[in-house]
Each structure stands twice: as C-alpha cells, then as structure tokens.
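With compact mmCIF, C-alpha atoms and all ligand atoms inside, this is query-v9.txt:
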```
# COMPACT_ATOMS: atom_id res chain seq x y z
CA MET A 1095 -10.61 18.88 -16.53
CA GLU A 1096 -12.10 22.32 -15.83
CA LEU A 1097 -14.09 21.00 -12.87
CA VAL A 1098 -11.43 21.70 -10.23
CA LYS A 1099 -9.76 24.64 -11.98
CA GLY A 1100 -9.12 27.46 -9.50
CA LYS A 1101 -10.10 25.31 -6.49
CA LYS A 1102 -8.07 25.82 -3.34
CA VAL A 1103 -7.03 22.37 -2.16
CA LEU A 1104 -5.33 21.27 1.08
CA ILE A 1105 -3.86 17.74 1.24
CA THR A 1106 -2.36 16.19 4.39
CA GLY A 1107 0.43 13.67 3.83
CA GLY A 1108 0.97 14.98 0.34
CA THR A 1109 4.67 14.19 0.12
CA ALA A 1110 4.47 10.50 -0.81
CA GLY A 1111 2.33 7.75 -2.30
CA ILE A 1112 -1.39 8.46 -2.66
CA GLY A 1113 -1.15 12.06 -1.40
CA LYS A 1114 1.58 12.89 -3.88
CA GLY A 1115 -0.55 11.38 -6.69
CA MET A 1116 -3.46 13.60 -5.63
CA ALA A 1117 -1.30 16.73 -5.41
CA LEU A 1118 0.06 16.24 -8.95
CA THR A 1119 -3.41 15.44 -10.32
CA PHE A 1120 -5.00 18.57 -8.85
CA ALA A 1121 -2.06 20.71 -10.06
CA LYS A 1122 -2.48 19.29 -13.56
CA ASN A 1123 -6.18 20.13 -13.44
CA GLY A 1124 -5.71 23.80 -12.56
CA SER A 1125 -6.10 23.83 -8.76
CA ASP A 1126 -4.05 25.70 -6.16
CA VAL A 1127 -2.57 23.09 -3.81
CA ILE A 1128 -0.92 23.13 -0.40
CA ILE A 1129 0.47 19.87 0.91
CA PHE A 1130 1.27 19.11 4.56
CA GLY A 1131 3.88 16.64 5.74
CA THR A 1132 6.87 16.03 7.93
CA ASN A 1133 9.64 15.86 5.30
CA GLU A 1134 10.65 19.30 4.02
CA GLU A 1135 12.98 17.99 1.34
CA ARG A 1136 10.33 15.73 -0.21
CA GLY A 1137 7.79 18.56 0.14
CA SER A 1138 9.81 20.99 -1.93
CA VAL A 1139 10.40 18.33 -4.63
CA ILE A 1140 6.63 17.80 -4.95
CA VAL A 1141 6.00 21.56 -5.04
CA ASN A 1142 8.41 21.80 -8.00
CA GLU A 1143 6.73 18.85 -9.71
CA MET A 1144 3.33 20.53 -9.26
CA ARG A 1145 4.70 23.74 -10.82
CA GLU A 1146 5.93 21.79 -13.84
CA LEU A 1147 2.52 20.19 -14.37
CA ALA A 1148 0.46 23.35 -13.73
CA GLN A 1149 -1.90 24.76 -16.35
CA SER A 1150 -0.88 28.33 -15.56
CA GLU A 1151 1.82 30.31 -13.79
CA ASP A 1152 -0.86 31.91 -11.60
CA GLN A 1153 -1.55 28.65 -9.76
CA LYS A 1154 -0.29 28.68 -6.18
CA PHE A 1155 1.55 25.74 -4.60
CA GLY A 1156 3.15 25.19 -1.23
CA PHE A 1157 4.40 22.76 1.38
CA LEU A 1158 3.89 23.27 5.11
CA LYS A 1159 5.72 21.19 7.69
CA VAL A 1160 3.38 19.88 10.37
CA ASP A 1161 2.81 16.85 12.56
CA VAL A 1162 -0.87 16.31 11.78
CA SER A 1163 -1.42 14.56 15.10
CA ASN A 1164 -0.66 17.80 16.97
CA TYR A 1165 -3.84 19.85 17.46
CA GLU A 1166 -2.37 23.35 17.92
CA GLU A 1167 0.19 22.90 15.15
CA SER A 1168 -2.43 21.58 12.73
CA LEU A 1169 -4.83 24.47 13.37
CA ALA A 1170 -2.04 27.01 12.90
CA LYS A 1171 -0.71 25.44 9.69
CA ALA A 1172 -4.15 24.94 8.18
CA GLN A 1173 -4.87 28.62 8.87
CA GLU A 1174 -1.54 29.58 7.30
CA ALA A 1175 -2.49 27.59 4.20
CA MET A 1176 -5.91 29.26 3.98
CA ASP A 1177 -4.24 32.67 4.31
CA LEU A 1178 -1.76 31.81 1.54
CA LEU A 1179 -4.49 30.61 -0.84
CA GLY A 1180 -7.18 33.10 0.19
CA GLY A 1181 -9.55 30.39 1.47
CA VAL A 1182 -10.22 26.67 1.08
CA ASP A 1183 -12.55 24.70 -1.20
CA VAL A 1184 -11.30 21.16 -0.68
CA LEU A 1185 -9.65 19.39 2.27
CA ILE A 1186 -8.23 15.90 1.75
CA ASN A 1187 -7.29 14.11 4.98
CA ASN A 1188 -4.80 11.58 3.64
CA ALA A 1189 -1.89 11.38 6.12
CA GLY A 1190 -1.66 7.93 7.63
CA ILE A 1191 0.68 5.37 9.14
CA THR A 1192 0.67 1.69 10.10
CA ARG A 1193 2.26 0.04 13.14
CA ASP A 1194 1.16 -3.55 12.55
CA LYS A 1195 1.31 -6.12 15.35
CA LEU A 1196 -1.00 -8.70 16.84
CA LEU A 1197 -2.93 -7.21 19.75
CA MET A 1198 -1.01 -9.40 22.20
CA LYS A 1199 2.24 -7.75 21.12
CA MET A 1200 0.92 -4.26 20.47
CA ASP A 1201 1.95 -1.66 23.01
CA GLU A 1202 0.23 1.56 24.02
CA GLU A 1203 2.51 3.67 21.84
CA ASP A 1204 1.62 1.66 18.68
CA TRP A 1205 -2.04 2.28 19.45
CA ASP A 1206 -1.71 5.98 20.32
CA GLN A 1207 0.52 6.87 17.35
CA VAL A 1208 -1.76 5.27 14.77
CA LEU A 1209 -4.95 6.69 16.27
CA ASP A 1210 -3.39 10.16 16.58
CA VAL A 1211 -1.91 10.37 13.08
CA ASN A 1212 -4.79 8.66 11.26
CA LEU A 1213 -7.87 9.81 13.19
CA LYS A 1214 -7.11 12.74 15.47
CA SER A 1215 -5.57 14.50 12.45
CA VAL A 1216 -8.97 14.36 10.75
CA PHE A 1217 -10.54 16.09 13.75
CA ASN A 1218 -7.72 18.67 13.77
CA PHE A 1219 -7.95 19.63 10.11
CA CYS A 1220 -11.76 19.49 9.91
CA LYS A 1221 -11.93 21.82 12.94
CA ALA A 1222 -9.71 24.26 11.04
CA VAL A 1223 -11.70 24.35 7.79
CA VAL A 1224 -15.30 23.67 8.72
CA ARG A 1225 -16.18 27.18 9.88
CA PRO A 1226 -14.86 28.97 6.77
CA MET A 1227 -16.47 26.34 4.52
CA MET A 1228 -19.86 26.70 6.27
CA LYS A 1229 -19.60 30.48 6.03
CA ALA A 1230 -18.90 30.18 2.30
CA ARG A 1231 -21.80 27.70 2.04
CA SER A 1232 -19.55 25.43 0.01
CA GLY A 1233 -16.77 22.94 0.58
CA LYS A 1234 -15.67 19.37 0.05
CA ILE A 1235 -13.97 17.26 2.70
CA ILE A 1236 -12.53 13.93 1.56
CA ASN A 1237 -11.23 11.47 4.15
CA ILE A 1238 -8.94 8.67 3.02
CA SER A 1239 -10.01 5.61 5.01
CA SER A 1240 -9.24 2.03 3.93
CA VAL A 1241 -10.98 -1.23 3.09
CA ILE A 1242 -9.41 -2.42 6.36
CA GLY A 1243 -11.79 0.00 8.11
CA LEU A 1244 -14.68 -1.91 6.51
CA THR A 1245 -13.45 -5.47 6.99
CA GLY A 1246 -10.77 -5.50 9.73
CA ASN A 1247 -7.48 -7.35 9.37
CA PRO A 1248 -5.38 -9.44 11.78
CA GLY A 1249 -2.37 -7.49 13.01
CA GLN A 1250 -4.08 -4.16 12.42
CA VAL A 1251 -6.51 -3.51 15.30
CA ASN A 1252 -5.06 0.00 15.67
CA TYR A 1253 -5.15 0.79 11.94
CA ALA A 1254 -8.61 -0.75 11.42
CA ALA A 1255 -10.02 1.15 14.43
CA SER A 1256 -8.60 4.43 13.07
CA LYS A 1257 -9.99 3.80 9.59
CA SER A 1258 -13.45 2.69 10.85
CA GLY A 1259 -13.39 5.74 13.10
CA MET A 1260 -12.91 7.94 10.06
CA ILE A 1261 -16.07 6.48 8.53
CA GLY A 1262 -18.21 7.23 11.61
CA PHE A 1263 -16.65 10.69 11.80
CA THR A 1264 -17.45 11.32 8.12
CA GLN A 1265 -21.07 10.22 8.41
CA SER A 1266 -21.60 12.35 11.53
CA LEU A 1267 -19.94 15.48 10.18
CA ALA A 1268 -21.85 15.09 6.89
CA LYS A 1269 -25.09 15.17 8.91
CA GLU A 1270 -23.91 18.28 10.74
CA VAL A 1271 -22.80 20.39 7.77
CA SER A 1272 -24.45 19.20 4.56
CA SER A 1273 -27.33 21.68 4.90
CA ARG A 1274 -24.67 24.42 4.69
CA GLY A 1275 -23.33 23.23 1.34
CA VAL A 1276 -20.38 21.25 2.74
CA CYS A 1277 -20.04 17.64 1.56
CA VAL A 1278 -18.02 15.13 3.59
CA ASN A 1279 -17.10 11.75 2.12
CA CYS A 1280 -14.65 8.88 2.51
CA ILE A 1281 -12.64 6.93 0.02
CA ALA A 1282 -11.71 3.40 1.08
CA PRO A 1283 -8.70 2.36 -1.01
CA GLY A 1284 -7.87 -1.32 -1.38
CA PHE A 1285 -4.22 -2.13 -1.99
CA ILE A 1286 -2.54 0.70 -3.87
CA GLN A 1287 1.06 0.59 -5.06
CA THR A 1288 2.89 3.03 -2.75
CA PRO A 1289 5.81 2.96 -0.29
CA MET A 1290 3.27 1.64 2.28
CA THR A 1291 2.52 -1.49 0.21
CA ASP A 1292 6.08 -1.79 -1.22
CA ALA A 1293 7.08 -2.62 2.37
CA LEU A 1294 5.02 -5.87 2.28
CA ASN A 1295 6.92 -9.12 1.70
CA GLU A 1296 6.23 -11.48 -1.24
CA THR A 1297 4.11 -13.88 0.85
CA GLN A 1298 1.93 -11.00 2.06
CA LYS A 1299 1.60 -9.67 -1.52
CA ALA A 1300 0.58 -13.10 -2.86
CA ALA A 1301 -2.06 -13.45 -0.12
CA ILE A 1302 -3.43 -9.99 -0.96
CA MET A 1303 -3.61 -10.74 -4.68
CA GLN A 1304 -5.90 -13.69 -3.96
CA LYS A 1305 -8.42 -11.28 -2.46
CA ILE A 1306 -8.51 -8.85 -5.41
CA PRO A 1307 -10.92 -9.85 -8.20
CA MET A 1308 -9.09 -7.53 -10.63
CA GLN A 1309 -5.83 -9.40 -9.80
CA LYS A 1310 -3.72 -6.24 -9.63
CA LEU A 1311 -2.79 -3.50 -7.18
CA GLY A 1312 -4.40 -0.11 -7.69
CA GLN A 1313 -2.37 2.92 -8.77
CA THR A 1314 -2.32 6.29 -7.02
CA GLU A 1315 -4.17 7.78 -10.02
CA ASP A 1316 -7.12 5.48 -9.28
CA ILE A 1317 -7.59 7.25 -5.94
CA ALA A 1318 -6.81 10.72 -7.31
CA ASN A 1319 -9.48 10.33 -10.01
CA VAL A 1320 -12.18 9.60 -7.41
CA CYS A 1321 -10.93 12.62 -5.43
CA LEU A 1322 -11.44 14.77 -8.53
CA PHE A 1323 -15.05 13.60 -8.66
CA LEU A 1324 -15.64 14.18 -4.92
CA ALA A 1325 -13.96 17.61 -5.11
CA SER A 1326 -16.05 18.79 -8.05
CA LYS A 1327 -19.65 19.82 -8.56
CA LEU A 1328 -20.30 16.40 -10.17
CA SER A 1329 -20.69 15.07 -6.61
CA ASP A 1330 -22.75 17.91 -5.12
CA TYR A 1331 -25.52 15.52 -4.02
CA VAL A 1332 -23.12 12.95 -2.52
CA THR A 1333 -22.35 13.22 1.19
CA GLY A 1334 -21.64 10.88 4.12
CA GLU A 1335 -20.62 8.16 1.66
CA VAL A 1336 -17.78 5.67 1.55
CA ILE A 1337 -16.52 4.88 -1.94
CA ALA A 1338 -14.36 1.77 -2.10
CA VAL A 1339 -11.65 1.91 -4.77
CA ASP A 1340 -10.36 -1.62 -4.39
CA GLY A 1341 -10.48 -3.66 -7.60
CA GLY A 1342 -13.56 -5.47 -6.29
CA MET A 1343 -12.15 -6.60 -2.92
CA THR A 1344 -15.22 -5.64 -0.90
CA ALA A 1345 -17.77 -6.47 -3.61
P1 LIG A 1401 2.66 6.72 2.48
O1 LIG A 1401 3.35 6.13 3.66
O2 LIG A 1401 3.27 6.55 1.14
O3 LIG A 1401 2.39 8.27 2.72
C1 LIG A 1401 1.85 8.74 3.93
C2 LIG A 1401 1.94 10.23 3.98
O4 LIG A 1401 1.53 10.66 5.29
C3 LIG A 1401 3.35 10.77 3.78
O5 LIG A 1401 3.30 11.95 3.02
C4 LIG A 1401 3.82 11.07 5.19
O6 LIG A 1401 4.79 12.08 5.26
C5 LIG A 1401 2.51 11.53 5.82
N1 LIG A 1401 2.53 11.47 7.28
C6 LIG A 1401 2.71 10.38 8.08
N2 LIG A 1401 2.71 10.76 9.37
C7 LIG A 1401 2.51 12.10 9.40
C8 LIG A 1401 2.41 13.06 10.44
N3 LIG A 1401 2.48 12.73 11.74
N4 LIG A 1401 2.22 14.37 10.09
C9 LIG A 1401 2.14 14.72 8.78
N5 LIG A 1401 2.22 13.86 7.77
C10 LIG A 1401 2.40 12.56 8.07
O7 LIG A 1401 1.19 6.10 2.52
P2 LIG A 1401 0.13 5.92 1.35
O8 LIG A 1401 0.14 4.49 0.97
O9 LIG A 1401 0.27 6.95 0.30
O10 LIG A 1401 -1.23 6.15 2.17
C11 LIG A 1401 -1.93 7.38 2.18
C12 LIG A 1401 -3.25 7.16 2.89
O11 LIG A 1401 -4.00 6.15 2.23
C13 LIG A 1401 -3.07 6.69 4.34
O12 LIG A 1401 -4.04 7.30 5.16
C14 LIG A 1401 -3.31 5.19 4.24
O13 LIG A 1401 -3.77 4.67 5.44
C15 LIG A 1401 -4.36 5.15 3.15
N6 LIG A 1401 -4.43 3.86 2.47
C16 LIG A 1401 -3.37 3.39 1.74
C17 LIG A 1401 -3.49 2.16 1.10
C18 LIG A 1401 -2.38 1.61 0.25
O14 LIG A 1401 -2.55 0.50 -0.26
N7 LIG A 1401 -1.28 2.29 0.05
C19 LIG A 1401 -4.66 1.42 1.22
C20 LIG A 1401 -5.71 1.93 1.98
C21 LIG A 1401 -5.59 3.16 2.58
```

Would you mind writing the structure in this file as structure tokens?
Amino acid sequence: MELVKGKKVLITGGTAGIGKGMALTFAKNGSDVIIFGTNEERGSVIVNEMRELAQSEDQKFGFLKVDVSNYEESLAKAQEAMDLLGGVDVLINNAGITRDKLLMKMDEEDWDQVLDVNLKSVFNFCKAVVRPMMKARSGKIINISSVIGLTGNPGQVNYAASKSGMIGFTQSLAKEVSSRGVCVNCIAPGFIQTPMTDALNETQKAAIMQKIPMQKLGQTEDIANVCLFLASKLSDYVTGEVIAVDGGMTA
C-alpha cells in the first residue's frame, strides 16, 4: 500500500504482540519505523525483521530502549527518534501492561504501575510529538485502548481506568489539535492473540469466547490494518474516535 510509504512512524511497545505486528506491517508498506521498548535483544530482532520486509534499502528502522512511564526519558527518546528520522508523521501509543487483581487485593503499586505505563506514557509521548506535528500542520496519533476501557471487567479496575482514561485523553487532545491538521484516535482491540492473552488459562479463554460473536480471537494484523487506515490520508476527516476491533464483542 502506497498510503504510508515514506511516513515516519514511532511505535511504543513495539517489541512484542500487537506492537510488533504494527512495526512489521508499516515496514512492509514502505514506512520508516522506530520502536520503543524495554528489551534490547527483542528490539534488535524486530529491527532485523523490519529490514527483511522493507520495500527499499533507504527505509530507516531503529529500536530505542525506554521506560515509557518515565517522563524525562520518554521525551528524550522520542526526540532522539525524531532526529534519527528527520521528523514524525505517526505516533502509535501501544505499550501496555496488566496487573490483574480484585480491588480488595490490589495494592498501590499495581495501580500506579498500570496507570503509569498505560496512561502516563500517552501523555509523555504526545507531549513530545504534538508541537512538531502542529508546526507541520499534519500528524496522526493512534492510541491503543481496549474494549475493557469501554465495558470494564472484574479484576481489572486499574487496567480499565487506564484504558478509559486514554479515550478521554484522545477526545480532548483531538479537540485541541485537529484544527492544526493533527488527528488523534483510539483503537479498542477485543481479545487479540498475543503473549498478553496467551497467559490466560483455558477457563478464562472459554469464558471470553462466549462473548465474541465471531467466535475467534483477533490477530495482530487485524489491529495493524486499522492502524494503516488511521495513519493514512484515508482517515483525514476522522478524529477523536474510538474504533473497536473486537469481532463484534461491543456490538
Ligand atoms: P504485549 O505484552 O505482548 O506487549 C506489550 C509491549 O509493551 C511490549 O513490547 C513491552 O515491551 C512493552 N512495554 C511494557 N511496559 C513497558 C514500559 N514500561 N516501557 C516500554 N515498553 C513497555 O501486549 P499486547 O497484547 O501486544 O498489547 C499491546 C497493547 O494492546 C497494550 O496497550 C494492551 O493493553 C492493548 N490491548 C491488547 C489486547 C490483547 O488482546 N492482546 C486487547 C486489548 C488491548
């Protein structure tokens, strides 16, 4: 697809699961891609995989090690990425974790970690890119929320709060920056086959399947394909939206 050819794309949490799927998809479609994560070894494997899939040898790829919950570190690494690529067209805030427990058993650290990695990271990276995007009068920010942010789920008050928070953040930022050509949207994945969902036990998986009209888990490509749309000019009049990619779960 020519639509994202030459685009400069930053992806947080690009070393596994959904983020890895996005990184490979954008590489295949001609974009320059920098992924951010905590695992250097996995990062360099993905960078090599992106190179193998690239349309041309001129495409730039990189991995930068960063804890996305750390404000100063995130600003510095996002700037480093923009310097390496010569700007930014697309930011995908994808890094996320779960620390599932019933509220009664959840401690302060479970709350803080999930809110910091899932939600504060979005603030950190948006702060870094929004000024250059507004100056360029163009940019696409895509925040990876979750259907849990729309519906809630027992055992996930921290995760659900972080993912609902992303939606409010997205709608507000969209209202701030859309007049300057910057679109901000959310994707709310349902259950996608990744290391995050591989960790569920068989009883949990069976319960989930009952809630999915399509009767199957989504694949990372299902999310990456919607990212391609939101990153391209096909979605230039779409902002402040939440697109559920969930096999019908929230229908
Ligand atoms: P994953 O665990 O496979 O990957 C998460 C990524 O985030 C990894 O690359 C990891 O290194 C990175 N990460 C975690 N903490 C980090 C930190 N402090 N600093 C930098 N990077 C960090 O998860 P996934 O299933 O691919 O999920 C990706 C996103 O999609 C998450 O935000 C998740 O909440 C969301 N999501 C996933 C599903 C699903 O079914 N898998 C459903 C809905 C939403």

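For the set A:Gly1100, A:Leu1158, A:Phe1285, A:Asp1204, the residue with the smallest atom-to-atom gap to Gln1298 in chain A is A:Phe1285, counting only C-alpha atoms.
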
Q: Quick one: everything within 9 Å of range 1132-1145 of chain A, counting all atoms listed in the file, minus sequence neighbours fewer than 3 positions away in the same chain. Send it as a PyMOL selection string.
A: chain A and resi 1107-1110+1114+1117-1122+1127-1129+1148-1151+1153-1162

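You will find CA of Val1278 in chain A at 14.2 Å from CA of Val1182 in chain A.
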
Q: Tell me which protein, DNA and RNA residues are within 8 Å of Val1223 in chain A, counting all atoms listed in the file, leaving out same-chain ones fewer than 2 positions away, and put them as a list of chain:residue names.
A: A:Ala1172, A:Val1182, A:Leu1185, A:Phe1219, A:Cys1220, A:Lys1221, A:Arg1225, A:Pro1226, A:Met1227

Atoms to include: C-alpha atoms. Write the selected residues as a PDB file, in the frame of the given file.
```pdb
ATOM      1  CA  ALA A1172      -4.150  24.940   8.180  1.00  0.00           C
ATOM      2  CA  VAL A1182     -10.220  26.670   1.080  1.00  0.00           C
ATOM      3  CA  LEU A1185      -9.650  19.390   2.270  1.00  0.00           C
ATOM      4  CA  PHE A1219      -7.950  19.630  10.110  1.00  0.00           C
ATOM      5  CA  CYS A1220     -11.760  19.490   9.910  1.00  0.00           C
ATOM      6  CA  LYS A1221     -11.930  21.820  12.940  1.00  0.00           C
ATOM      7  CA  ARG A1225     -16.180  27.180   9.880  1.00  0.00           C
ATOM      8  CA  PRO A1226     -14.860  28.970   6.770  1.00  0.00           C
ATOM      9  CA  MET A1227     -16.470  26.340   4.520  1.00  0.00           C
TER      10      MET A1227
END
```

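Among the candidate residues A:Ile1112, A:Val1103, A:Ile1236, A:Leu1267, the one lying nearest to Ser1329 in chain A is A:Ile1236, with distances computed using only C-alpha atoms.
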
Q) How many Å lie between CA of Asn1218 in chain A and CA of Tyr1165 in chain A, rounded to one decimal? A) 5.5 Å

**Q.** Residue nearest ligand LIG 1401 (chain A) - candidates A:Val1339, A:Met1116, A:Ile1306, A:Ile1191, atoms counted: all atoms listed in the file
**A.** A:Ile1191

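Residue nearest Lys1195 in chain A, chosen from A:Cys1321, A:Ala1254, A:Val1211, A:Met1260 and counting all atoms listed in the file: A:Ala1254.
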
Would you place a box with edges along x, y and z of the file around all atoms of ligand LIG 1401 (chain A) listed there, add 6 Å to each of its six sides, and report the centre and edge lengths in Å to one decimal, as JSON?
```
{"center_x": -0.5, "center_y": 7.6, "center_z": 5.7, "size_x": 22.5, "size_y": 26.2, "size_z": 24.0}
```

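In terms of minimum interatomic distance to ligand LIG 1401 (chain A), A:Ser1215 ranks closest within A:Gln1309, A:Thr1264, A:Ser1326, A:Ser1215, counting only C-alpha atoms and all ligand atoms.
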
Q. CA of Met1198 in chain A and CA of Gln1250 in chain A are how many Å apart?
A. 11.5 Å
